[in-house]
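> This is input_27.txt, which holds compact mmCIF, N, CA and C atoms:
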# COMPACT_ATOMS: atom_id res chain seq x y z
N MET A 1 -1.47 31.99 3.28
CA MET A 1 -1.13 30.63 2.91
C MET A 1 0.38 30.45 3.09
N HIS A 2 0.77 29.30 3.67
CA HIS A 2 2.17 29.02 3.93
C HIS A 2 2.65 27.88 3.05
N PHE A 3 3.93 27.94 2.72
CA PHE A 3 4.50 26.96 1.80
C PHE A 3 5.73 26.28 2.39
N LYS A 4 6.04 25.13 1.82
CA LYS A 4 7.29 24.41 2.09
C LYS A 4 7.98 24.24 0.74
N LEU A 5 9.29 24.26 0.77
CA LEU A 5 10.07 23.97 -0.43
C LEU A 5 10.50 22.52 -0.34
N ILE A 6 10.08 21.72 -1.28
CA ILE A 6 10.51 20.33 -1.35
C ILE A 6 11.65 20.26 -2.36
N VAL A 7 12.77 19.74 -1.91
CA VAL A 7 13.95 19.57 -2.76
C VAL A 7 14.15 18.08 -2.96
N VAL A 8 14.23 17.66 -4.22
CA VAL A 8 14.40 16.25 -4.56
C VAL A 8 15.62 16.11 -5.44
N MET A 9 16.48 15.17 -5.11
CA MET A 9 17.60 14.82 -5.96
C MET A 9 17.37 13.38 -6.38
N VAL A 10 17.19 13.18 -7.68
CA VAL A 10 16.80 11.86 -8.18
C VAL A 10 17.53 11.57 -9.48
N GLU A 11 17.78 10.29 -9.73
CA GLU A 11 18.39 9.90 -11.00
C GLU A 11 17.53 10.43 -12.12
N ASP A 12 18.18 10.95 -13.15
CA ASP A 12 17.46 11.67 -14.21
C ASP A 12 16.40 10.84 -14.92
N HIS A 13 16.54 9.54 -14.98
CA HIS A 13 15.53 8.74 -15.68
C HIS A 13 14.26 8.52 -14.85
N HIS A 14 14.24 9.00 -13.59
CA HIS A 14 13.05 8.89 -12.75
C HIS A 14 12.32 10.23 -12.58
N THR A 15 12.84 11.28 -13.16
CA THR A 15 12.28 12.62 -12.97
C THR A 15 10.82 12.71 -13.36
N SER A 16 10.44 12.20 -14.52
CA SER A 16 9.06 12.32 -15.00
C SER A 16 8.08 11.65 -14.06
N GLU A 17 8.40 10.45 -13.59
CA GLU A 17 7.47 9.74 -12.70
C GLU A 17 7.39 10.42 -11.34
N ILE A 18 8.48 11.01 -10.86
CA ILE A 18 8.46 11.74 -9.59
C ILE A 18 7.57 12.99 -9.73
N LEU A 19 7.72 13.71 -10.83
CA LEU A 19 6.90 14.90 -11.06
C LEU A 19 5.42 14.55 -11.15
N ALA A 20 5.10 13.47 -11.85
CA ALA A 20 3.70 13.04 -11.97
C ALA A 20 3.12 12.67 -10.60
N ALA A 21 3.88 11.98 -9.80
CA ALA A 21 3.42 11.58 -8.46
C ALA A 21 3.21 12.80 -7.57
N ALA A 22 4.11 13.77 -7.66
CA ALA A 22 3.97 14.99 -6.86
C ALA A 22 2.72 15.77 -7.26
N ARG A 23 2.46 15.84 -8.56
CA ARG A 23 1.24 16.53 -9.02
C ARG A 23 -0.01 15.82 -8.53
N GLU A 24 0.02 14.50 -8.53
CA GLU A 24 -1.11 13.72 -8.02
C GLU A 24 -1.46 14.09 -6.59
N GLU A 25 -0.45 14.39 -5.80
CA GLU A 25 -0.63 14.69 -4.39
C GLU A 25 -0.85 16.17 -4.10
N GLY A 26 -0.85 17.01 -5.14
CA GLY A 26 -1.18 18.41 -4.93
C GLY A 26 -0.13 19.43 -5.29
N ALA A 27 1.05 19.01 -5.69
CA ALA A 27 2.06 19.98 -6.13
C ALA A 27 1.57 20.64 -7.41
N THR A 28 1.77 21.94 -7.52
CA THR A 28 1.25 22.68 -8.67
C THR A 28 2.31 23.00 -9.71
N GLY A 29 3.53 22.59 -9.48
CA GLY A 29 4.58 22.84 -10.45
C GLY A 29 5.94 22.53 -9.86
N ALA A 30 6.97 22.66 -10.67
CA ALA A 30 8.33 22.36 -10.22
C ALA A 30 9.33 23.04 -11.14
N THR A 31 10.51 23.25 -10.60
CA THR A 31 11.66 23.67 -11.39
C THR A 31 12.63 22.51 -11.39
N VAL A 32 13.11 22.15 -12.58
CA VAL A 32 14.02 21.01 -12.72
C VAL A 32 15.39 21.53 -13.15
N LEU A 33 16.39 21.21 -12.34
CA LEU A 33 17.77 21.54 -12.66
C LEU A 33 18.44 20.26 -13.14
N ASN A 34 18.87 20.24 -14.38
CA ASN A 34 19.43 19.03 -14.98
C ASN A 34 20.93 18.90 -14.74
N GLN A 35 21.37 17.68 -14.88
CA GLN A 35 22.79 17.31 -14.92
C GLN A 35 23.57 17.69 -13.67
N ALA A 36 22.97 17.43 -12.52
CA ALA A 36 23.71 17.56 -11.27
C ALA A 36 24.42 16.24 -11.01
N ARG A 37 25.27 16.21 -10.04
CA ARG A 37 25.96 14.98 -9.70
C ARG A 37 25.93 14.84 -8.20
N GLY A 38 25.60 13.65 -7.72
CA GLY A 38 25.51 13.43 -6.30
C GLY A 38 26.52 12.41 -5.82
N GLU A 39 26.74 12.42 -4.52
CA GLU A 39 27.66 11.46 -3.92
C GLU A 39 27.11 11.07 -2.56
N GLY A 40 26.99 9.78 -2.31
CA GLY A 40 26.46 9.29 -1.05
C GLY A 40 27.56 8.85 -0.12
N LEU A 41 27.32 7.74 0.57
CA LEU A 41 28.30 7.21 1.52
C LEU A 41 29.63 6.89 0.87
N SER A 42 29.57 6.34 -0.33
CA SER A 42 30.80 5.98 -1.04
C SER A 42 31.08 7.02 -2.13
N PRO A 43 32.34 7.43 -2.28
CA PRO A 43 32.67 8.38 -3.35
C PRO A 43 32.31 7.81 -4.72
N ALA A 44 31.97 8.71 -5.64
CA ALA A 44 31.63 8.30 -7.00
C ALA A 44 32.85 7.67 -7.67
N LYS A 45 32.60 6.66 -8.49
CA LYS A 45 33.69 6.01 -9.22
C LYS A 45 34.15 6.92 -10.35
N THR A 46 35.44 6.88 -10.60
CA THR A 46 35.97 7.69 -11.70
C THR A 46 36.82 6.80 -12.60
N PHE A 47 36.94 7.22 -13.83
CA PHE A 47 37.79 6.54 -14.80
C PHE A 47 38.60 7.62 -15.49
N LEU A 48 39.90 7.63 -15.25
CA LEU A 48 40.80 8.64 -15.79
C LEU A 48 40.34 10.06 -15.43
N GLY A 49 39.85 10.20 -14.21
CA GLY A 49 39.43 11.52 -13.73
C GLY A 49 38.01 11.91 -14.11
N LEU A 50 37.31 11.10 -14.89
CA LEU A 50 35.93 11.40 -15.28
C LEU A 50 34.97 10.59 -14.42
N SER A 51 33.89 11.23 -13.98
CA SER A 51 32.91 10.56 -13.13
C SER A 51 32.13 9.54 -13.95
N VAL A 52 31.92 8.36 -13.33
CA VAL A 52 31.17 7.31 -14.01
C VAL A 52 29.77 7.20 -13.42
N GLY A 53 29.46 8.03 -12.42
CA GLY A 53 28.17 7.98 -11.74
C GLY A 53 27.03 8.46 -12.61
N ASN A 54 25.82 8.15 -12.18
CA ASN A 54 24.63 8.59 -12.89
C ASN A 54 24.39 10.08 -12.71
N GLN A 55 23.81 10.69 -13.71
CA GLN A 55 23.39 12.08 -13.60
C GLN A 55 22.14 12.13 -12.75
N VAL A 56 22.02 13.19 -11.97
CA VAL A 56 20.81 13.38 -11.18
C VAL A 56 20.19 14.72 -11.54
N ASP A 57 18.89 14.79 -11.36
CA ASP A 57 18.17 16.05 -11.52
C ASP A 57 17.82 16.55 -10.13
N VAL A 58 17.80 17.86 -9.97
CA VAL A 58 17.36 18.48 -8.74
C VAL A 58 16.00 19.11 -9.03
N LEU A 59 14.98 18.69 -8.29
CA LEU A 59 13.63 19.20 -8.46
C LEU A 59 13.30 20.12 -7.30
N LEU A 60 12.80 21.29 -7.59
CA LEU A 60 12.40 22.26 -6.58
C LEU A 60 10.90 22.49 -6.71
N MET A 61 10.17 22.21 -5.62
CA MET A 61 8.72 22.37 -5.65
C MET A 61 8.25 23.20 -4.47
N LEU A 62 7.53 24.26 -4.73
CA LEU A 62 6.93 25.06 -3.69
C LEU A 62 5.53 24.49 -3.47
N VAL A 63 5.30 23.91 -2.29
CA VAL A 63 4.06 23.17 -2.03
C VAL A 63 3.38 23.75 -0.79
N GLU A 64 2.07 23.87 -0.83
CA GLU A 64 1.30 24.35 0.32
C GLU A 64 1.58 23.44 1.51
N GLU A 65 1.76 24.02 2.70
CA GLU A 65 2.24 23.26 3.86
C GLU A 65 1.36 22.09 4.27
N HIS A 66 0.05 22.17 4.07
CA HIS A 66 -0.84 21.06 4.45
C HIS A 66 -0.72 19.88 3.48
N LEU A 67 -0.19 20.13 2.30
CA LEU A 67 -0.04 19.07 1.30
C LEU A 67 1.39 18.53 1.24
N SER A 68 2.33 19.26 1.82
CA SER A 68 3.74 18.94 1.60
C SER A 68 4.16 17.56 2.11
N ARG A 69 3.67 17.13 3.26
CA ARG A 69 4.07 15.82 3.78
C ARG A 69 3.56 14.70 2.88
N HIS A 70 2.33 14.86 2.35
CA HIS A 70 1.76 13.86 1.44
C HIS A 70 2.58 13.78 0.15
N VAL A 71 2.99 14.94 -0.36
CA VAL A 71 3.81 14.98 -1.57
C VAL A 71 5.16 14.31 -1.30
N LEU A 72 5.77 14.64 -0.18
CA LEU A 72 7.08 14.08 0.17
C LEU A 72 7.01 12.55 0.30
N GLU A 73 5.98 12.05 0.96
CA GLU A 73 5.84 10.60 1.13
C GLU A 73 5.60 9.89 -0.20
N LYS A 74 4.80 10.51 -1.08
CA LYS A 74 4.53 9.92 -2.39
C LYS A 74 5.81 9.88 -3.24
N ILE A 75 6.59 10.94 -3.17
CA ILE A 75 7.86 10.99 -3.90
C ILE A 75 8.77 9.86 -3.44
N ALA A 76 8.88 9.68 -2.12
CA ALA A 76 9.73 8.62 -1.57
C ALA A 76 9.24 7.24 -1.99
N GLU A 77 7.93 7.06 -2.03
CA GLU A 77 7.35 5.77 -2.43
C GLU A 77 7.62 5.47 -3.90
N VAL A 78 7.33 6.42 -4.76
CA VAL A 78 7.51 6.23 -6.20
C VAL A 78 8.99 6.09 -6.56
N GLY A 79 9.84 6.89 -5.92
CA GLY A 79 11.26 6.84 -6.20
C GLY A 79 11.99 5.70 -5.52
N LYS A 80 11.30 4.99 -4.62
CA LYS A 80 11.88 3.87 -3.86
C LYS A 80 13.14 4.32 -3.10
N PHE A 81 13.07 5.51 -2.52
CA PHE A 81 14.22 6.09 -1.83
C PHE A 81 14.64 5.28 -0.62
N ASP A 82 13.68 4.74 0.12
CA ASP A 82 14.02 3.98 1.33
C ASP A 82 14.28 2.51 1.06
N GLU A 83 14.00 2.06 -0.15
CA GLU A 83 14.18 0.64 -0.48
C GLU A 83 15.54 0.35 -1.11
N THR A 84 16.02 1.27 -1.92
CA THR A 84 17.24 1.04 -2.67
C THR A 84 18.23 2.18 -2.45
N SER A 85 19.44 1.85 -2.06
CA SER A 85 20.47 2.86 -1.82
C SER A 85 20.84 3.57 -3.13
N GLY A 86 21.01 4.88 -3.04
CA GLY A 86 21.48 5.64 -4.18
C GLY A 86 20.42 6.06 -5.18
N THR A 87 19.13 5.83 -4.89
CA THR A 87 18.09 6.19 -5.85
C THR A 87 17.69 7.66 -5.76
N GLY A 88 17.89 8.26 -4.60
CA GLY A 88 17.56 9.67 -4.47
C GLY A 88 17.33 10.06 -3.04
N ILE A 89 17.08 11.35 -2.87
CA ILE A 89 16.81 11.90 -1.55
C ILE A 89 15.84 13.06 -1.73
N ALA A 90 15.00 13.26 -0.72
CA ALA A 90 14.06 14.38 -0.75
C ALA A 90 13.91 14.95 0.65
N PHE A 91 13.75 16.25 0.73
CA PHE A 91 13.53 16.89 2.03
C PHE A 91 12.72 18.15 1.82
N GLN A 92 12.14 18.66 2.92
CA GLN A 92 11.38 19.89 2.82
C GLN A 92 11.93 20.92 3.78
N VAL A 93 11.78 22.19 3.38
CA VAL A 93 12.29 23.32 4.13
C VAL A 93 11.16 24.34 4.28
N ASP A 94 11.04 24.91 5.47
CA ASP A 94 10.03 25.96 5.67
C ASP A 94 10.36 27.17 4.79
N VAL A 95 9.32 27.77 4.24
CA VAL A 95 9.48 28.98 3.43
C VAL A 95 8.81 30.12 4.18
N GLU A 96 9.59 31.14 4.47
CA GLU A 96 9.05 32.27 5.23
C GLU A 96 8.10 33.11 4.38
N ASP A 97 8.43 33.30 3.11
CA ASP A 97 7.63 34.15 2.25
C ASP A 97 7.82 33.71 0.80
N ALA A 98 6.81 33.90 -0.02
CA ALA A 98 6.90 33.55 -1.44
C ALA A 98 6.15 34.58 -2.26
N ILE A 99 6.72 34.92 -3.38
CA ILE A 99 6.12 35.87 -4.31
C ILE A 99 5.97 35.16 -5.65
N GLY A 100 4.90 35.45 -6.36
CA GLY A 100 4.70 34.87 -7.68
C GLY A 100 3.79 33.66 -7.67
N VAL A 101 3.13 33.39 -6.54
CA VAL A 101 2.23 32.22 -6.46
C VAL A 101 0.77 32.64 -6.31
N ARG A 102 0.50 33.91 -6.42
CA ARG A 102 -0.86 34.42 -6.22
C ARG A 102 -1.87 33.74 -7.15
N HIS A 103 -1.47 33.49 -8.39
CA HIS A 103 -2.37 32.86 -9.36
C HIS A 103 -2.70 31.42 -8.99
N GLN A 104 -1.90 30.78 -8.15
CA GLN A 104 -2.15 29.40 -7.75
C GLN A 104 -2.97 29.29 -6.46
N ILE A 105 -3.05 30.38 -5.70
CA ILE A 105 -3.66 30.32 -4.39
C ILE A 105 -5.13 29.93 -4.45
N SER A 106 -5.89 30.41 -5.42
CA SER A 106 -7.32 30.05 -5.48
C SER A 106 -7.50 28.56 -5.71
N ALA A 107 -6.72 27.97 -6.59
CA ALA A 107 -6.81 26.52 -6.82
C ALA A 107 -6.34 25.76 -5.60
N LEU A 108 -5.28 26.22 -4.97
CA LEU A 108 -4.76 25.56 -3.77
C LEU A 108 -5.75 25.64 -2.61
N THR A 109 -6.44 26.77 -2.47
CA THR A 109 -7.40 26.94 -1.38
C THR A 109 -8.46 25.86 -1.44
N GLU A 110 -9.01 25.60 -2.61
CA GLU A 110 -10.02 24.55 -2.76
C GLU A 110 -9.46 23.18 -2.42
N THR A 111 -8.27 22.89 -2.91
CA THR A 111 -7.64 21.59 -2.67
C THR A 111 -7.38 21.38 -1.18
N VAL A 112 -6.83 22.38 -0.53
CA VAL A 112 -6.51 22.28 0.90
C VAL A 112 -7.78 22.13 1.73
N GLU A 113 -8.80 22.91 1.41
CA GLU A 113 -10.06 22.82 2.16
C GLU A 113 -10.68 21.44 2.04
N ASP A 114 -10.56 20.83 0.87
CA ASP A 114 -11.11 19.48 0.68
C ASP A 114 -10.36 18.44 1.51
N ARG A 115 -9.06 18.66 1.70
CA ARG A 115 -8.23 17.66 2.39
C ARG A 115 -8.22 17.80 3.90
N ILE A 116 -8.50 19.01 4.40
CA ILE A 116 -8.45 19.16 5.86
C ILE A 116 -9.80 19.37 6.48
Take the structure from the file and write it as structure tokens.


Amino acid sequence: MHFKLIVVMVEDHHTSEILAAAREEGATGATVLNQARGEGLSPAKTFLGLSVGNQVDVLLMLVEEHLSRHVLEKIAEVGKFDETSGTGIAFQVDVEDAIGVRHQISALTETVEDRI
């Protein structure tokens, strides 16, 4: 079984809905890194040297490769990434090898077989 790593950077108040949407599409879990800070086309505004920008969470999801595009598209839809500037970004990266997912493979096998 092959996996993709989906990395999502999203405003912290959207994290729960993004995670729920990813699970709906087949993601079996995630690691959430809190209190990151992002910067897009325009530098973040500061006041007396302190950032005034929103906090973002970084979500890391190891997703089976046949499900990963569906998860990525659902995340973009729910997060409105393509509709509103600065709401977040998501991308996927090929994973050569993964350890610690053996307990999820039986559940994933059934899900993948149903979808393809």

> Atom CA of A:Ile6 and atom CA of A:Ala21, how far apart in Å?

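According to the coordinates, atom CA of A:Ala21 and atom CA of A:Ile6 are separated by 13.3 Å.
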
> As an exercise, work out the distance from atom C of A:Ala20 to atom N of A:Ala90 in Å and give it to one decimal place.

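Result for atom C of A:Ala20 versus atom N of A:Ala90: 15.5 Å, one decimal.
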
> Out of A:Leu62, A:Gly88, A:Ala98, A:Ile75, which residue has the shortest atom-to-atom distance to A:Glu17 when counting all atoms listed in the file?

A:Ile75

> Identify, with DSSP run on backbone atoms, the residues in stretch 9-116 of chain A assigned to strand (DSSP E or B), and express the list as a PyMOL selection string.

chain A and resi 9-11+31-36+46-47+50-51+56-64+88-95

> Show me, as a list in words, the residues that have an atom within 10 Å of A:Phe3 when counting only C-alpha atoms, minus same-chain residues fewer than 5 positions from it.

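Skipping anything fewer than 5 positions along the chain leaves Met61, Leu62, Val63, Glu64, Glu65, His66, Leu67, Ser68, Gln92, Val93, Asp94, Val95, Glu96, Asp97 and Ala98 of chain A.
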
> Atom CA of A:Ala27 to atom N of A:His70: how many Å, to one decimal?

9.9 Å

> Can you work out which one of A:Val10, A:Leu72, A:Gln55, A:Lys80 has the shortest atom-to-atom distance to A:Ala22, counting all atoms listed in the file?

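Closest candidate: A:Leu72.
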
> With distances taken over only C-alpha atoms, which residue among A:Gly26, A:His14, A:Met1, A:Ile89 lies nearest A:Gly38?

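For A:Gly38, the nearest of the given residues is A:Ile89.
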
> Please determine, counting all atoms listed in the file, which residue among A:Asn54, A:Thr109, A:Gln104, A:Thr87 has the shortest atom-to-atom distance to A:Thr28.

A:Gln104

> Given only N, CA and C atoms as the basis, pick out the residue of A:Lys74, A:Phe81, A:Val58, A:Arg102 nearest to A:Met9.

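Nearest candidate to A:Met9 out of A:Lys74, A:Phe81, A:Val58, A:Arg102: A:Val58.
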
> For A:Ser16, which residue among A:Thr84, A:Glu73, A:Leu59, A:Leu108 is the nearest when counting only C-alpha atoms?

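Ranked by minimum distance to A:Ser16, first place goes to A:Leu59.
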
> Could you pull out the residues in chain A that DSSP calls helix (DSSP H, G or I) from the backbone, as a VMD selection string?

chain A and resid 12 to 24 65 to 79 102 to 115

> Next, the residues of the selection above should be written as a compact mmCIF listing (two decimals), keeping the file's coordinate frame with N, CA and C atoms.


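Below you can see again-v7.txt, which holds the result:
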# COMPACT_ATOMS: atom_id res chain seq x y z
N ASP A 12 18.18 10.95 -13.15
CA ASP A 12 17.46 11.67 -14.21
C ASP A 12 16.40 10.84 -14.92
N HIS A 13 16.54 9.54 -14.98
CA HIS A 13 15.53 8.74 -15.68
C HIS A 13 14.26 8.52 -14.85
N HIS A 14 14.24 9.00 -13.59
CA HIS A 14 13.05 8.89 -12.75
C HIS A 14 12.32 10.23 -12.58
N THR A 15 12.84 11.28 -13.16
CA THR A 15 12.28 12.62 -12.97
C THR A 15 10.82 12.71 -13.36
N SER A 16 10.44 12.20 -14.52
CA SER A 16 9.06 12.32 -15.00
C SER A 16 8.08 11.65 -14.06
N GLU A 17 8.40 10.45 -13.59
CA GLU A 17 7.47 9.74 -12.70
C GLU A 17 7.39 10.42 -11.34
N ILE A 18 8.48 11.01 -10.86
CA ILE A 18 8.46 11.74 -9.59
C ILE A 18 7.57 12.99 -9.73
N LEU A 19 7.72 13.71 -10.83
CA LEU A 19 6.90 14.90 -11.06
C LEU A 19 5.42 14.55 -11.15
N ALA A 20 5.10 13.47 -11.85
CA ALA A 20 3.70 13.04 -11.97
C ALA A 20 3.12 12.67 -10.60
N ALA A 21 3.88 11.98 -9.80
CA ALA A 21 3.42 11.58 -8.46
C ALA A 21 3.21 12.80 -7.57
N ALA A 22 4.11 13.77 -7.66
CA ALA A 22 3.97 14.99 -6.86
C ALA A 22 2.72 15.77 -7.26
N ARG A 23 2.46 15.84 -8.56
CA ARG A 23 1.24 16.53 -9.02
C ARG A 23 -0.01 15.82 -8.53
N GLU A 24 0.02 14.50 -8.53
CA GLU A 24 -1.11 13.72 -8.02
C GLU A 24 -1.46 14.09 -6.59
N GLU A 65 1.76 24.02 2.70
CA GLU A 65 2.24 23.26 3.86
C GLU A 65 1.36 22.09 4.27
N HIS A 66 0.05 22.17 4.07
CA HIS A 66 -0.84 21.06 4.45
C HIS A 66 -0.72 19.88 3.48
N LEU A 67 -0.19 20.13 2.30
CA LEU A 67 -0.04 19.07 1.30
C LEU A 67 1.39 18.53 1.24
N SER A 68 2.33 19.26 1.82
CA SER A 68 3.74 18.94 1.60
C SER A 68 4.16 17.56 2.11
N ARG A 69 3.67 17.13 3.26
CA ARG A 69 4.07 15.82 3.78
C ARG A 69 3.56 14.70 2.88
N HIS A 70 2.33 14.86 2.35
CA HIS A 70 1.76 13.86 1.44
C HIS A 70 2.58 13.78 0.15
N VAL A 71 2.99 14.94 -0.36
CA VAL A 71 3.81 14.98 -1.57
C VAL A 71 5.16 14.31 -1.30
N LEU A 72 5.77 14.64 -0.18
CA LEU A 72 7.08 14.08 0.17
C LEU A 72 7.01 12.55 0.30
N GLU A 73 5.98 12.05 0.96
CA GLU A 73 5.84 10.60 1.13
C GLU A 73 5.60 9.89 -0.20
N LYS A 74 4.80 10.51 -1.08
CA LYS A 74 4.53 9.92 -2.39
C LYS A 74 5.81 9.88 -3.24
N ILE A 75 6.59 10.94 -3.17
CA ILE A 75 7.86 10.99 -3.90
C ILE A 75 8.77 9.86 -3.44
N ALA A 76 8.88 9.68 -2.12
CA ALA A 76 9.73 8.62 -1.57
C ALA A 76 9.24 7.24 -1.99
N GLU A 77 7.93 7.06 -2.03
CA GLU A 77 7.35 5.77 -2.43
C GLU A 77 7.62 5.47 -3.90
N VAL A 78 7.33 6.42 -4.76
CA VAL A 78 7.51 6.23 -6.20
C VAL A 78 8.99 6.09 -6.56
N GLY A 79 9.84 6.89 -5.92
CA GLY A 79 11.26 6.84 -6.20
C GLY A 79 11.99 5.70 -5.52
N ARG A 102 0.50 33.91 -6.42
CA ARG A 102 -0.86 34.42 -6.22
C ARG A 102 -1.87 33.74 -7.15
N HIS A 103 -1.47 33.49 -8.39
CA HIS A 103 -2.37 32.86 -9.36
C HIS A 103 -2.70 31.42 -8.99
N GLN A 104 -1.90 30.78 -8.15
CA GLN A 104 -2.15 29.40 -7.75
C GLN A 104 -2.97 29.29 -6.46
N ILE A 105 -3.05 30.38 -5.70
CA ILE A 105 -3.66 30.32 -4.39
C ILE A 105 -5.13 29.93 -4.45
N SER A 106 -5.89 30.41 -5.42
CA SER A 106 -7.32 30.05 -5.48
C SER A 106 -7.50 28.56 -5.71
N ALA A 107 -6.72 27.97 -6.59
CA ALA A 107 -6.81 26.52 -6.82
C ALA A 107 -6.34 25.76 -5.60
N LEU A 108 -5.28 26.22 -4.97
CA LEU A 108 -4.76 25.56 -3.77
C LEU A 108 -5.75 25.64 -2.61
N THR A 109 -6.44 26.77 -2.47
CA THR A 109 -7.40 26.94 -1.38
C THR A 109 -8.46 25.86 -1.44
N GLU A 110 -9.01 25.60 -2.61
CA GLU A 110 -10.02 24.55 -2.76
C GLU A 110 -9.46 23.18 -2.42
N THR A 111 -8.27 22.89 -2.91
CA THR A 111 -7.64 21.59 -2.67
C THR A 111 -7.38 21.38 -1.18
N VAL A 112 -6.83 22.38 -0.53
CA VAL A 112 -6.51 22.28 0.90
C VAL A 112 -7.78 22.13 1.73
N GLU A 113 -8.80 22.91 1.41
CA GLU A 113 -10.06 22.82 2.16
C GLU A 113 -10.68 21.44 2.04
N ASP A 114 -10.56 20.83 0.87
CA ASP A 114 -11.11 19.48 0.68
C ASP A 114 -10.36 18.44 1.51
N ARG A 115 -9.06 18.66 1.70
CA ARG A 115 -8.23 17.66 2.39
C ARG A 115 -8.22 17.80 3.90
